[in-house]
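Shown here: target_21.cif, mmCIF, C-alpha atoms.
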```
data_upload
loop_
_atom_site.label_atom_id
_atom_site.label_comp_id
_atom_site.auth_asym_id
_atom_site.auth_seq_id
_atom_site.Cartn_x
_atom_site.Cartn_y
_atom_site.Cartn_z
CA MET A 67 29.64 -15.32 -4.99
CA SER A 68 26.74 -15.70 -7.44
CA THR A 69 23.62 -13.59 -7.03
CA GLN A 70 20.49 -15.44 -5.96
CA PRO A 71 17.51 -15.18 -8.34
CA LEU A 72 14.43 -13.21 -7.40
CA PRO A 73 12.10 -15.36 -5.24
CA LEU A 74 9.22 -15.38 -7.75
CA ASP A 75 11.30 -15.78 -10.88
CA GLY A 76 9.37 -18.20 -13.15
CA ILE A 77 5.97 -17.46 -11.55
CA THR A 78 3.27 -16.14 -13.89
CA VAL A 79 0.42 -14.03 -12.55
CA VAL A 80 -2.71 -13.10 -14.50
CA ALA A 81 -4.65 -10.20 -12.99
CA VAL A 82 -8.05 -8.83 -13.92
CA GLU A 83 -7.67 -5.78 -11.76
CA GLN A 84 -8.45 -2.11 -11.36
CA ALA A 85 -7.90 0.85 -9.04
CA VAL A 86 -5.55 0.13 -6.11
CA ALA A 87 -6.05 -3.00 -3.97
CA ALA A 88 -5.34 -5.72 -6.55
CA PRO A 89 -2.84 -3.69 -8.62
CA PHE A 90 -0.88 -2.89 -5.45
CA ALA A 91 -0.82 -6.59 -4.52
CA THR A 92 0.35 -7.74 -7.95
CA ARG A 93 2.99 -5.03 -8.14
CA GLN A 94 4.57 -6.55 -5.05
CA LEU A 95 4.63 -9.88 -6.89
CA ALA A 96 6.25 -8.24 -9.92
CA ASP A 97 8.82 -6.64 -7.61
CA LEU A 98 9.80 -10.13 -6.46
CA GLY A 99 10.31 -11.33 -10.02
CA ALA A 100 6.92 -12.65 -11.11
CA ARG A 101 5.66 -12.06 -14.63
CA VAL A 102 2.39 -10.15 -14.18
CA ILE A 103 -0.06 -10.03 -17.10
CA LYS A 104 -2.54 -7.24 -16.41
CA VAL A 105 -5.85 -7.69 -18.23
CA GLU A 106 -7.53 -4.35 -18.92
CA ARG A 107 -10.65 -3.14 -20.68
CA PRO A 108 -10.07 -2.02 -24.28
CA ASP A 109 -12.12 1.15 -23.70
CA GLY A 110 -9.71 3.01 -21.42
CA GLY A 111 -8.25 0.18 -19.39
CA ASP A 112 -7.92 0.20 -15.61
CA PHE A 113 -10.00 3.22 -14.59
CA ALA A 114 -7.14 4.37 -12.35
CA ARG A 115 -5.43 5.44 -15.58
CA GLY A 116 -7.87 8.35 -15.60
CA TYR A 117 -7.62 9.50 -12.00
CA ASP A 118 -5.23 12.37 -12.77
CA THR A 119 -2.40 13.43 -15.06
CA ALA A 120 0.10 14.44 -12.36
CA ALA A 121 2.90 12.04 -13.37
CA ARG A 122 3.91 13.91 -16.51
CA GLY A 123 0.58 13.12 -18.10
CA LEU A 124 0.05 9.72 -16.48
CA ALA A 125 -2.07 9.03 -13.39
CA SER A 126 -0.07 8.94 -10.18
CA HIS A 127 -2.04 5.97 -8.78
CA PHE A 128 -1.43 3.98 -11.94
CA VAL A 129 2.30 4.72 -12.03
CA TRP A 130 2.61 3.73 -8.37
CA CYS A 131 0.80 0.38 -8.66
CA ASN A 132 1.57 -0.93 -12.13
CA ARG A 133 5.24 -0.80 -13.01
CA GLY A 134 6.81 -4.02 -14.25
CA LYS A 135 3.56 -5.46 -15.66
CA GLU A 136 2.45 -6.46 -19.14
CA SER A 137 -0.79 -4.79 -20.27
CA VAL A 138 -3.18 -6.89 -22.34
CA ALA A 139 -6.39 -5.10 -23.36
CA ILE A 140 -9.21 -7.63 -23.87
CA ASP A 141 -13.01 -7.37 -23.77
CA LEU A 142 -14.11 -10.03 -21.31
CA LYS A 143 -17.75 -9.57 -22.32
CA ASP A 144 -16.93 -11.01 -25.74
CA PRO A 145 -16.69 -14.82 -25.65
CA ARG A 146 -13.54 -14.67 -27.78
CA GLY A 147 -11.87 -12.32 -25.32
CA LEU A 148 -12.92 -14.42 -22.34
CA ALA A 149 -11.55 -17.51 -24.07
CA VAL A 150 -8.15 -15.80 -24.43
CA VAL A 151 -8.06 -14.99 -20.71
CA ARG A 152 -9.01 -18.56 -19.84
CA ARG A 153 -6.06 -19.78 -21.91
CA LEU A 154 -3.77 -17.38 -20.05
CA VAL A 155 -5.07 -18.60 -16.69
CA ALA A 156 -4.56 -22.24 -17.68
CA ASP A 157 -0.81 -21.60 -17.93
CA ALA A 158 -0.57 -19.30 -14.90
CA ASP A 159 0.51 -19.93 -11.33
CA VAL A 160 -1.58 -17.14 -9.79
CA PHE A 161 -4.80 -15.36 -10.74
CA VAL A 162 -5.94 -12.17 -8.99
CA GLN A 163 -9.19 -10.26 -9.48
CA ASN A 164 -11.02 -7.42 -7.76
CA LEU A 165 -14.02 -6.95 -10.03
CA ALA A 166 -17.35 -5.82 -8.61
CA GLN A 167 -18.96 -8.43 -6.38
CA GLY A 168 -20.41 -11.23 -8.49
CA ALA A 169 -18.84 -10.12 -11.78
CA ALA A 170 -16.00 -12.66 -11.70
CA ALA A 171 -18.40 -15.52 -10.90
CA ARG A 172 -20.59 -14.57 -13.85
CA LEU A 173 -17.52 -14.85 -16.07
CA GLY A 174 -16.36 -18.07 -14.46
CA LEU A 175 -13.27 -16.27 -13.15
CA ASP A 176 -13.95 -16.55 -9.43
CA ALA A 177 -11.35 -18.30 -7.30
CA ALA A 178 -13.48 -21.33 -6.48
CA ALA A 179 -14.30 -22.11 -10.11
CA LEU A 180 -10.77 -21.57 -11.36
CA CYS A 181 -9.13 -23.65 -8.63
CA ALA A 182 -11.58 -26.48 -9.30
CA ALA A 183 -10.49 -26.46 -12.95
CA HIS A 184 -6.79 -25.89 -12.24
CA PRO A 185 -5.75 -27.55 -8.95
CA ARG A 186 -2.24 -26.00 -8.94
CA LEU A 187 -3.56 -22.48 -9.43
CA VAL A 188 -3.55 -19.94 -6.60
CA ALA A 189 -6.59 -17.73 -7.24
CA VAL A 190 -7.33 -14.57 -5.28
CA ASP A 191 -10.68 -12.82 -4.86
CA ILE A 192 -10.35 -9.30 -3.43
CA SER A 193 -13.63 -7.70 -2.42
CA GLY A 194 -14.89 -4.79 -0.39
CA TYR A 195 -16.85 -6.65 2.25
CA GLY A 196 -16.52 -10.36 1.48
CA ALA A 197 -18.58 -12.78 -0.58
CA GLU A 198 -21.40 -13.20 1.95
CA GLY A 199 -23.33 -11.12 4.46
CA PRO A 200 -25.56 -8.05 4.22
CA TYR A 201 -22.76 -5.84 2.86
CA ALA A 202 -21.49 -8.26 0.22
CA HIS A 203 -22.90 -6.34 -2.75
CA LYS A 204 -22.31 -2.80 -1.47
CA ARG A 205 -19.92 -0.61 -3.43
CA ALA A 206 -16.68 -0.41 -1.50
CA TYR A 207 -14.42 2.53 -2.19
CA ASP A 208 -11.49 3.24 0.09
CA MET A 209 -13.01 6.19 1.96
CA LEU A 210 -16.24 4.28 2.57
CA VAL A 211 -14.39 1.29 4.02
CA GLN A 212 -12.25 3.58 6.18
CA CYS A 213 -15.52 4.82 7.67
CA GLU A 214 -17.10 1.37 8.03
CA ALA A 215 -13.95 0.00 9.68
CA GLY A 216 -13.89 2.83 12.23
CA LEU A 217 -10.57 4.30 11.10
CA VAL A 218 -12.08 7.71 10.49
CA SER A 219 -13.60 7.71 13.99
CA VAL A 220 -10.14 7.68 15.56
CA THR A 221 -8.35 9.87 12.99
CA GLY A 222 -8.46 13.65 13.09
CA THR A 223 -8.99 16.25 15.77
CA PRO A 224 -11.51 16.19 18.63
CA GLY A 225 -13.85 18.31 16.54
CA GLN A 226 -13.28 16.82 13.09
CA PRO A 227 -12.93 13.20 11.96
CA VAL A 228 -10.83 12.81 8.81
CA LYS A 229 -9.96 9.95 6.50
CA ALA A 230 -6.34 8.90 6.12
CA GLY A 231 -4.51 10.79 3.40
CA ILE A 232 -3.54 7.55 1.68
CA PRO A 233 -5.89 4.73 0.54
CA ALA A 234 -5.43 2.73 3.73
CA ALA A 235 -8.17 0.17 3.06
CA ASP A 236 -6.88 -0.54 -0.44
CA ILE A 237 -3.30 -0.85 0.78
CA ALA A 238 -4.29 -3.14 3.65
CA ALA A 239 -6.23 -5.46 1.34
CA GLY A 240 -3.43 -5.39 -1.22
CA MET A 241 -0.80 -6.37 1.30
CA TYR A 242 -2.91 -9.21 2.73
CA ALA A 243 -3.56 -10.46 -0.82
CA PHE A 244 0.18 -10.33 -1.48
CA SER A 245 1.06 -12.28 1.67
CA GLY A 246 -1.82 -14.69 1.01
CA VAL A 247 -0.38 -15.50 -2.42
CA LEU A 248 3.07 -16.13 -0.92
CA ALA A 249 1.56 -18.42 1.73
CA ALA A 250 -0.47 -20.34 -0.87
CA LEU A 251 2.56 -20.75 -3.14
CA LEU A 252 4.55 -22.09 -0.19
CA ARG A 253 1.77 -24.57 0.56
CA ARG A 254 1.66 -25.59 -3.10
CA ALA A 255 5.38 -26.34 -2.99
CA THR A 256 4.72 -29.03 -0.37
CA THR A 257 1.25 -30.29 -1.37
CA GLY A 258 1.18 -29.69 -5.13
CA ARG A 259 -2.12 -27.85 -4.85
CA GLY A 260 -2.86 -24.15 -4.95
CA GLY A 261 -6.29 -23.04 -3.86
CA PRO A 262 -8.47 -19.98 -3.34
CA VAL A 263 -7.42 -16.92 -1.35
CA GLU A 264 -10.09 -14.50 -0.15
CA VAL A 265 -9.35 -10.99 1.09
CA SER A 266 -11.77 -8.19 1.87
CA MET A 267 -10.99 -4.53 2.43
CA LEU A 268 -13.18 -4.40 5.55
CA ASP A 269 -11.53 -7.46 7.13
CA SER A 270 -8.09 -6.06 6.35
CA LEU A 271 -8.66 -2.60 7.78
CA ALA A 272 -10.61 -3.92 10.78
CA GLU A 273 -7.49 -5.96 11.63
CA TRP A 274 -5.42 -2.78 11.45
CA MET A 275 -7.80 -1.24 13.98
CA GLY A 276 -6.43 -3.67 16.57
CA HIS A 277 -5.36 -1.22 19.28
CA PRO A 278 -8.47 1.00 19.44
CA LEU A 279 -10.73 -1.99 18.77
CA HIS A 280 -9.36 -4.07 21.64
CA HIS A 281 -9.09 -1.01 23.86
CA GLY A 282 -12.77 -0.28 23.36
CA MET A 283 -14.11 -3.85 23.38
CA HIS A 284 -12.41 -5.02 26.53
CA GLY A 285 -13.43 -2.47 29.09
CA GLY A 286 -11.71 0.76 28.11
CA GLU A 287 -13.22 3.76 26.43
CA THR A 288 -12.81 4.12 22.68
CA PRO A 289 -9.66 6.22 22.13
CA ALA A 290 -10.49 9.82 21.37
CA ARG A 291 -9.33 11.64 18.24
CA THR A 292 -6.25 13.59 19.24
CA GLY A 293 -4.73 14.93 16.02
CA LEU A 294 -1.00 14.27 16.15
CA ALA A 295 -1.16 13.55 19.87
CA HIS A 296 -1.57 10.10 21.42
CA ALA A 297 -4.64 9.15 23.42
CA VAL A 298 -2.71 7.55 26.30
CA ILE A 299 0.86 8.92 26.05
CA ALA A 300 2.19 12.41 26.85
CA PRO A 301 4.11 14.30 25.66
CA TYR A 302 3.44 12.96 22.17
CA ASP A 303 2.71 15.71 19.65
CA ALA A 304 4.11 18.32 17.28
CA TYR A 305 5.59 21.53 18.70
CA ARG A 306 6.46 24.67 16.77
CA THR A 307 10.03 25.94 16.95
CA ALA A 308 11.46 29.46 16.73
CA ASP A 309 11.92 29.24 12.94
CA GLY A 310 8.41 27.97 12.26
CA GLU A 311 9.20 24.29 11.89
CA GLN A 312 7.10 21.64 13.60
CA VAL A 313 9.04 19.04 15.55
CA LEU A 314 7.38 15.90 16.83
CA LEU A 315 8.53 14.03 19.89
CA SER A 316 7.36 11.01 21.80
CA VAL A 317 8.20 10.17 25.40
CA GLN A 318 7.46 6.49 25.92
CA ASN A 319 8.38 6.08 29.59
CA ASP A 320 9.29 7.99 32.72
CA ARG A 321 13.04 7.52 32.24
CA GLU A 322 12.77 9.35 28.94
CA TRP A 323 10.75 12.10 30.60
CA ARG A 324 13.56 12.61 33.10
CA ARG A 325 16.10 12.97 30.27
CA LEU A 326 13.82 15.37 28.42
CA ALA A 327 13.31 17.51 31.53
CA GLU A 328 16.99 17.62 32.40
CA GLN A 329 18.66 17.90 28.98
CA VAL A 330 16.14 19.61 26.68
CA LEU A 331 13.62 21.48 28.81
CA LYS A 332 16.39 22.50 31.25
CA GLN A 333 13.95 22.04 34.12
CA PRO A 334 15.24 18.99 36.05
CA GLU A 335 12.74 19.55 38.83
CA LEU A 336 9.95 18.39 36.49
CA ALA A 337 11.36 14.86 36.57
CA ASP A 338 10.07 14.34 40.11
CA ASP A 339 7.13 16.77 40.10
CA PRO A 340 3.99 14.70 40.89
CA ALA A 341 2.13 16.49 38.09
CA PHE A 342 4.61 15.22 35.47
CA ALA A 343 6.66 12.35 36.95
CA THR A 344 4.52 9.51 35.50
CA ASN A 345 2.87 9.03 32.15
CA THR A 346 -0.50 8.76 33.87
CA ALA A 347 0.05 12.16 35.47
CA ARG A 348 1.34 13.74 32.26
CA THR A 349 -1.65 12.44 30.31
CA ALA A 350 -4.05 13.72 32.96
CA ASN A 351 -2.25 17.08 32.82
CA ARG A 352 -1.81 17.05 29.04
CA GLU A 353 -2.35 20.79 28.55
CA ARG A 354 0.28 21.69 31.16
CA THR A 355 2.68 19.07 29.80
CA ASP A 356 2.32 20.35 26.23
CA ALA A 357 2.70 23.93 27.39
CA VAL A 358 5.99 23.18 29.17
CA VAL A 359 7.41 21.31 26.19
CA GLY A 360 6.07 23.82 23.69
CA GLN A 361 7.60 26.80 25.50
CA ALA A 362 11.02 25.13 25.65
CA LEU A 363 11.08 24.16 21.96
CA ALA A 364 9.78 27.58 20.90
CA ARG A 365 13.11 29.03 22.00
CA LEU A 366 15.05 26.73 19.65
CA THR A 367 15.28 26.40 15.89
CA GLY A 368 14.07 23.17 14.36
CA ALA A 369 17.63 21.97 13.86
CA GLU A 370 18.57 22.83 17.44
CA ALA A 371 15.50 21.09 18.84
CA LEU A 372 16.12 17.92 16.86
CA ALA A 373 19.81 17.86 17.78
CA GLY A 374 19.00 18.27 21.48
CA LEU A 375 16.32 15.60 21.40
CA ASP A 376 18.60 13.17 19.57
CA THR A 377 21.38 13.77 22.08
CA ALA A 378 18.97 13.10 24.92
CA GLY A 379 17.76 9.91 23.27
CA ILE A 380 14.22 11.17 22.76
CA ALA A 381 12.31 9.90 19.69
CA CYS A 382 11.69 12.85 17.39
CA ALA A 383 10.98 13.81 13.79
CA ARG A 384 10.21 16.71 11.51
CA LEU A 385 6.68 17.19 10.19
CA ASN A 386 7.70 16.74 6.55
CA THR A 387 5.80 17.69 3.44
CA VAL A 388 5.55 15.38 0.42
CA ALA A 389 8.30 17.46 -1.18
CA ASP A 390 10.46 16.91 1.90
CA VAL A 391 10.02 13.15 1.57
CA ALA A 392 11.05 13.28 -2.09
CA ALA A 393 14.29 14.95 -0.96
CA HIS A 394 14.71 12.98 2.28
CA PRO A 395 18.41 12.57 3.12
CA GLN A 396 17.92 9.07 4.53
CA LEU A 397 16.33 7.78 1.34
CA ALA A 398 19.09 9.39 -0.70
CA ALA A 399 21.86 8.02 1.52
CA ARG A 400 20.47 4.50 1.17
CA ASP A 401 20.14 4.83 -2.63
CA ARG A 402 16.42 4.07 -2.58
CA TRP A 403 15.46 5.94 -5.77
CA ARG A 404 15.35 4.48 -9.28
CA ASP A 405 14.07 5.60 -12.68
CA VAL A 406 11.46 3.46 -14.42
CA ALA A 407 10.48 3.68 -18.06
CA SER A 408 6.96 4.71 -19.06
CA PRO A 409 5.09 5.92 -22.13
CA VAL A 410 6.08 9.49 -21.16
CA GLY A 411 9.73 8.74 -20.39
CA ALA A 412 11.64 7.97 -17.22
CA LEU A 413 9.82 8.46 -13.91
CA ARG A 414 11.49 8.51 -10.50
CA THR A 415 10.21 5.99 -8.00
CA LEU A 416 11.24 4.20 -4.82
CA LEU A 417 12.64 0.71 -4.59
CA PRO A 418 10.19 -1.62 -2.81
CA PRO A 419 10.64 -1.88 0.98
CA ILE A 420 11.52 -5.60 0.87
CA THR A 421 15.28 -5.91 0.45
CA LEU A 422 16.91 -9.30 -0.08
CA PRO A 423 20.67 -8.87 0.41
CA GLY A 424 22.66 -11.10 -1.89
CA GLY A 425 19.79 -11.41 -4.33
CA ALA A 426 19.12 -9.81 -7.67
CA GLU A 427 17.79 -6.26 -7.47
CA THR A 428 14.12 -5.67 -8.16
CA PRO A 429 13.73 -5.33 -11.93
CA MET A 430 11.72 -2.07 -11.70
CA GLY A 431 10.10 -2.71 -15.08
CA ALA A 432 8.28 -0.10 -17.12
CA VAL A 433 4.82 1.34 -16.56
CA PRO A 434 2.90 -0.14 -19.50
CA ALA A 435 0.79 1.63 -22.08
CA LEU A 436 -2.74 0.28 -22.47
CA GLY A 437 -2.56 -2.92 -24.51
CA GLU A 438 1.19 -2.62 -25.02
CA HIS A 439 1.69 -6.38 -24.75
CA THR A 440 -1.56 -7.67 -26.27
CA ASP A 441 -0.13 -8.69 -29.63
CA ALA A 442 2.93 -10.42 -28.19
CA THR A 443 0.86 -12.27 -25.59
CA LEU A 444 -1.64 -13.54 -28.14
CA ARG A 445 1.19 -14.56 -30.46
CA ALA A 446 2.72 -16.56 -27.60
CA LEU A 447 -0.62 -18.37 -27.23
CA GLY A 448 -0.32 -19.50 -30.84
CA MET A 449 -2.74 -17.03 -32.42
CA THR A 450 -1.90 -15.92 -35.94
CA ASP A 451 -1.57 -12.30 -37.03
CA GLU A 452 -4.79 -12.73 -38.99
CA GLN A 453 -6.69 -13.91 -35.91
CA THR A 454 -5.29 -11.05 -33.86
CA ALA A 455 -6.18 -8.54 -36.56
CA ALA A 456 -9.76 -9.83 -36.62
CA LEU A 457 -10.09 -9.41 -32.84
CA ARG A 458 -8.70 -5.89 -33.10
CA ARG A 459 -11.07 -5.04 -35.95
CA ASP A 460 -14.05 -6.22 -33.88
CA GLY A 461 -12.93 -4.22 -30.81
CA VAL A 462 -12.25 -7.33 -28.73
CA ILE A 463 -8.65 -6.31 -28.13
CA VAL A 464 -6.48 -3.21 -28.18
CA GLY A 465 -2.81 -3.68 -28.93
CA THR A 466 0.07 -1.37 -29.71
CA ALA A 467 2.53 -4.13 -30.62
CA LEU A 468 5.36 -2.21 -28.94
CA SER A 469 7.17 -5.04 -27.21
CA GLY A 470 6.99 -8.57 -25.93
CA GLY A 471 7.17 -7.82 -22.21
CA PRO A 472 8.56 -5.56 -19.53
CA ASP A 473 12.24 -4.88 -19.41
CA ARG A 474 13.74 -7.18 -16.75
CA SER A 475 17.34 -6.32 -17.37
#
```
As C-alpha cells, the full file:
Amino acid sequence: MSTQPLPLDGITVVAVEQAVAAPFATRQLADLGARVIKVERPDGGDFARGYDTAARGLASHFVWCNRGKESVAIDLKDPRGLAVVRRLVADADVFVQNLAQGAAARLGLDAAALCAAHPRLVAVDISGYGAEGPYAHKRAYDMLVQCEAGLVSVTGTPGQPVKAGIPAADIAAGMYAFSGVLAALLRRATTGRGGPVEVSMLDSLAEWMGHPLHHGMHGGETPARTGLAHAVIAPYDAYRTADGEQVLLSVQNDREWRRLAEQVLKQPELADDPAFATNTARTANRERTDAVVGQALARLTGAEALAGLDTAGIACARLNTVADVAAHPQLAARDRWRDVASPVGALRTLLPPITLPGGAETPMGAVPALGEHTDATLRALGMTDEQTAALRRDGVIVGTALSGGPDRS
C-alpha cells in the first residue's frame, strides 16, 4: 500500500515572525509538510536566537520552534528588501506575522492589505491583545498576558500566585493560529479564496481559562489556588512515599474512593464514613482526607504506591523532572524521539503530537542558521548573483549560501 503524502505538501508559507507564538504555529505547518520561509532581520535574526545557549550553543526556544524552516535574512526597512518579501508573498499560500502592533500595516504586510492584493492568500495576524481596543498597542509578553488573562490568579499556592512554567499564552495563540490556517485553507479549497485570520494571545488564553472563568461568572466563587491539589475534587494531590518520591493521584468519583479505601489505604470503613464517602464531604474535610492518604502512601515506596494504585484503577502519576521526561519509558517505547540537524550538529527532539497513520512521517527538517537559505531563495526569484551580492554589500540581506532548503528526505 502506498504511503499518503503529508497533508500540506505543496503549500508555501512565508512568515515574518519572532519569539514563540508565530514560530510555534508555523512549525506545526512545517511538520505537516509545508515549505516555511522564515524572514528574519539581518542583524541577529529572530531575537529568540539570543535567549540562551542551552542547546549546544543554540537557544532552546529557537530549536524547539524553528526546525524544518528556511531562513531568509532580509531588512524589511529597506525598500529593496521589502520588495523581495512582497515577491515571496505573491507566490505563497499562507503568510504569518507577529510583529509589534501596527508594524506590519506600516509595511503593507498586514492580513487585510495582503488578502486584498492576493485573494487566494491566507494571511495571519498574531497580536498580543488584538487590533482594536484600549490594550491594542500594549507590549504583550507571555508572562504579562498570563497575568491579564487571569491564569496566574489560579496557578500556584494559596499564598503565592505563579506563572506557568511554559509560555502558555504564546503556545495558545500559536495553536489557534495553526488551526485557523488549516480552517482557512479548507475554506479556500471550496471557495477559491483565502482571507485574513486574526489571533490574539489574550483571546487565546482567556478561552483556556474556561473552567475557572465560567465557574466564577455564573454564580460560583473563583477557584482558589491550590498548588497541585484541585479546588473541587479530593483527594487530588501529590503525596510523598517512603523513598522520597512524590506520587500524584486523583479520585474522580465515589466508586473510585471506595476502591482506594479498600485496596490501597487498607481502611475499607472509610468508604462509608460520612466524612469521606462523597466528594463533597472529602473536599470539605480536605486536610483529613489528605492526611489519611498521605499516611498510607508514606509506608510504601514510589513503585509500590504506583503499582497498588494502578491495580485499584486509580489515576496516578509520578512528579517527574524535566530529566525524567527526557528518559520517559512511554516516549521511548513509542519511538517518539528523532535527531534533527542544526548548525551545531544533531539535536534530539520529539516527533510532533499529530500522528497520521499510513502517511509519510514528519520530515523533521534542520534548524536553520541565520540567512542559510537567502541566496537560494533569491536565486529562485530570478535575481542574479550580482544583484544578490549588491544587496549583501549594502546590508539588505545576510546569506550563507549553504543550501537550497531544508532536508525533507
Written as a PDB file with C-alpha atoms, keeping the file's coordinate frame, what is the full residue list that the PyMOL selection byres ((chain A and resi 327) around 12) yields on the file shown?
```
ATOM      1  CA  PRO A 301       4.110  14.300  25.660  1.00  0.00           C
ATOM      2  CA  VAL A 317       8.200  10.170  25.400  1.00  0.00           C
ATOM      3  CA  ASP A 320       9.290   7.990  32.720  1.00  0.00           C
ATOM      4  CA  ARG A 321      13.040   7.520  32.240  1.00  0.00           C
ATOM      5  CA  GLU A 322      12.770   9.350  28.940  1.00  0.00           C
ATOM      6  CA  TRP A 323      10.750  12.100  30.600  1.00  0.00           C
ATOM      7  CA  ARG A 324      13.560  12.610  33.100  1.00  0.00           C
ATOM      8  CA  ARG A 325      16.100  12.970  30.270  1.00  0.00           C
ATOM      9  CA  LEU A 326      13.820  15.370  28.420  1.00  0.00           C
ATOM     10  CA  GLU A 328      16.990  17.620  32.400  1.00  0.00           C
ATOM     11  CA  GLN A 329      18.660  17.900  28.980  1.00  0.00           C
ATOM     12  CA  VAL A 330      16.140  19.610  26.680  1.00  0.00           C
ATOM     13  CA  LEU A 331      13.620  21.480  28.810  1.00  0.00           C
ATOM     14  CA  LYS A 332      16.390  22.500  31.250  1.00  0.00           C
ATOM     15  CA  GLN A 333      13.950  22.040  34.120  1.00  0.00           C
ATOM     16  CA  PRO A 334      15.240  18.990  36.050  1.00  0.00           C
ATOM     17  CA  GLU A 335      12.740  19.550  38.830  1.00  0.00           C
ATOM     18  CA  LEU A 336       9.950  18.390  36.490  1.00  0.00           C
ATOM     19  CA  ALA A 337      11.360  14.860  36.570  1.00  0.00           C
ATOM     20  CA  ASP A 338      10.070  14.340  40.110  1.00  0.00           C
ATOM     21  CA  ASP A 339       7.130  16.770  40.100  1.00  0.00           C
ATOM     22  CA  PHE A 342       4.610  15.220  35.470  1.00  0.00           C
ATOM     23  CA  ALA A 343       6.660  12.350  36.950  1.00  0.00           C
ATOM     24  CA  THR A 355       2.680  19.070  29.800  1.00  0.00           C
ATOM     25  CA  VAL A 358       5.990  23.180  29.170  1.00  0.00           C
ATOM     26  CA  VAL A 359       7.410  21.310  26.190  1.00  0.00           C
ATOM     27  CA  ALA A 362      11.020  25.130  25.650  1.00  0.00           C
ATOM     28  CA  LEU A 363      11.080  24.160  21.960  1.00  0.00           C
ATOM     29  CA  GLY A 374      19.000  18.270  21.480  1.00  0.00           C
ATOM     30  CA  LEU A 375      16.320  15.600  21.400  1.00  0.00           C
ATOM     31  CA  ALA A 378      18.970  13.100  24.920  1.00  0.00           C
ATOM     32  CA  ILE A 380      14.220  11.170  22.760  1.00  0.00           C
TER      33      ILE A 380
END
```
Identify, on the basis of only C-alpha atoms, every residue whose closest approach to Ala125 (chain A) does not exceed 9 Å; exclude the query and any residue fewer than 6 positions from it along the same chain; express the result as a ChimeraX atom specification. /A:114-119
Writer output for current selection, C-alpha atoms, as a compact mmCIF listing (two decimals), in the frame of the given file:
```
# COMPACT_ATOMS: atom_id res chain seq x y z
CA ALA A 114 -7.14 4.37 -12.35
CA ARG A 115 -5.43 5.44 -15.58
CA GLY A 116 -7.87 8.35 -15.60
CA TYR A 117 -7.62 9.50 -12.00
CA ASP A 118 -5.23 12.37 -12.77
CA THR A 119 -2.40 13.43 -15.06
```
Taking the file as I've supplied it (selection: the PyMOL selection byres ((chain A and resi 427) around 10)), which residues are included? Please answer as a PDB file with C-alpha atoms, keeping the file's coordinate frame.
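Output file result31.pdb follows:
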```
ATOM      1  CA  THR A  69      23.620 -13.590  -7.030  1.00  0.00           C
ATOM      2  CA  GLN A  70      20.490 -15.440  -5.960  1.00  0.00           C
ATOM      3  CA  PRO A  71      17.510 -15.180  -8.340  1.00  0.00           C
ATOM      4  CA  LEU A  72      14.430 -13.210  -7.400  1.00  0.00           C
ATOM      5  CA  ASP A  97       8.820  -6.640  -7.610  1.00  0.00           C
ATOM      6  CA  LEU A  98       9.800 -10.130  -6.460  1.00  0.00           C
ATOM      7  CA  GLY A  99      10.310 -11.330 -10.020  1.00  0.00           C
ATOM      8  CA  LEU A 417      12.640   0.710  -4.590  1.00  0.00           C
ATOM      9  CA  THR A 421      15.280  -5.910   0.450  1.00  0.00           C
ATOM     10  CA  LEU A 422      16.910  -9.300  -0.080  1.00  0.00           C
ATOM     11  CA  PRO A 423      20.670  -8.870   0.410  1.00  0.00           C
ATOM     12  CA  GLY A 424      22.660 -11.100  -1.890  1.00  0.00           C
ATOM     13  CA  GLY A 425      19.790 -11.410  -4.330  1.00  0.00           C
ATOM     14  CA  ALA A 426      19.120  -9.810  -7.670  1.00  0.00           C
ATOM     15  CA  THR A 428      14.120  -5.670  -8.160  1.00  0.00           C
ATOM     16  CA  PRO A 429      13.730  -5.330 -11.930  1.00  0.00           C
ATOM     17  CA  MET A 430      11.720  -2.070 -11.700  1.00  0.00           C
ATOM     18  CA  SER A 475      17.340  -6.320 -17.370  1.00  0.00           C
TER      19      SER A 475
END
```
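Applied to this file, the PyMOL selection byres ((chain A and resi 184) around 10) selects the residues Val155, Ala156, Asp157, Ala158, Asp159, Ala178, Ala179, Leu180, Cys181, Ala182, Ala183, Pro185, Arg186, Leu187, Val188, Ala189, Arg259, Gly260 and Gly261 of chain A.
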Long-range neighbours of Ala166 (chain A) as a VMD selection string, 12 Å cut-off, all atoms listed in the file, 6 positions minimum in chain: chain A and resid 82 to 85 172 to 173 176 191 to 197 202 to 207
Selection to disk with C-alpha atoms, as an mmCIF file, in the coordinates of the input:
```cif
data_model
loop_
_atom_site.group_PDB
_atom_site.id
_atom_site.type_symbol
_atom_site.label_atom_id
_atom_site.label_comp_id
_atom_site.auth_asym_id
_atom_site.auth_seq_id
_atom_site.Cartn_x
_atom_site.Cartn_y
_atom_site.Cartn_z
ATOM 1 C CA VAL A 82 -8.050 -8.830 -13.920
ATOM 2 C CA GLU A 83 -7.670 -5.780 -11.760
ATOM 3 C CA GLN A 84 -8.450 -2.110 -11.360
ATOM 4 C CA ALA A 85 -7.900 0.850 -9.040
ATOM 5 C CA ARG A 172 -20.590 -14.570 -13.850
ATOM 6 C CA LEU A 173 -17.520 -14.850 -16.070
ATOM 7 C CA ASP A 176 -13.950 -16.550 -9.430
ATOM 8 C CA ASP A 191 -10.680 -12.820 -4.860
ATOM 9 C CA ILE A 192 -10.350 -9.300 -3.430
ATOM 10 C CA SER A 193 -13.630 -7.700 -2.420
ATOM 11 C CA GLY A 194 -14.890 -4.790 -0.390
ATOM 12 C CA TYR A 195 -16.850 -6.650 2.250
ATOM 13 C CA GLY A 196 -16.520 -10.360 1.480
ATOM 14 C CA ALA A 197 -18.580 -12.780 -0.580
ATOM 15 C CA ALA A 202 -21.490 -8.260 0.220
ATOM 16 C CA HIS A 203 -22.900 -6.340 -2.750
ATOM 17 C CA LYS A 204 -22.310 -2.800 -1.470
ATOM 18 C CA ARG A 205 -19.920 -0.610 -3.430
ATOM 19 C CA ALA A 206 -16.680 -0.410 -1.500
ATOM 20 C CA TYR A 207 -14.420 2.530 -2.190
#
```
May I have the residues within 10 Å of region 306-309 of chain A as a PyMOL selection string, using all atoms listed in the file and disregarding those fewer than 3 positions away in the same chain? chain A and resi 312-314+360-371+385
Return the single residue from A:Ala235, A:Val391, A:Val433, A:Leu372 that is closest to Val406 (chain A), with distances computed using all atoms listed in the file.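 Smallest separation from Val406 (chain A) among the options: A:Val433.
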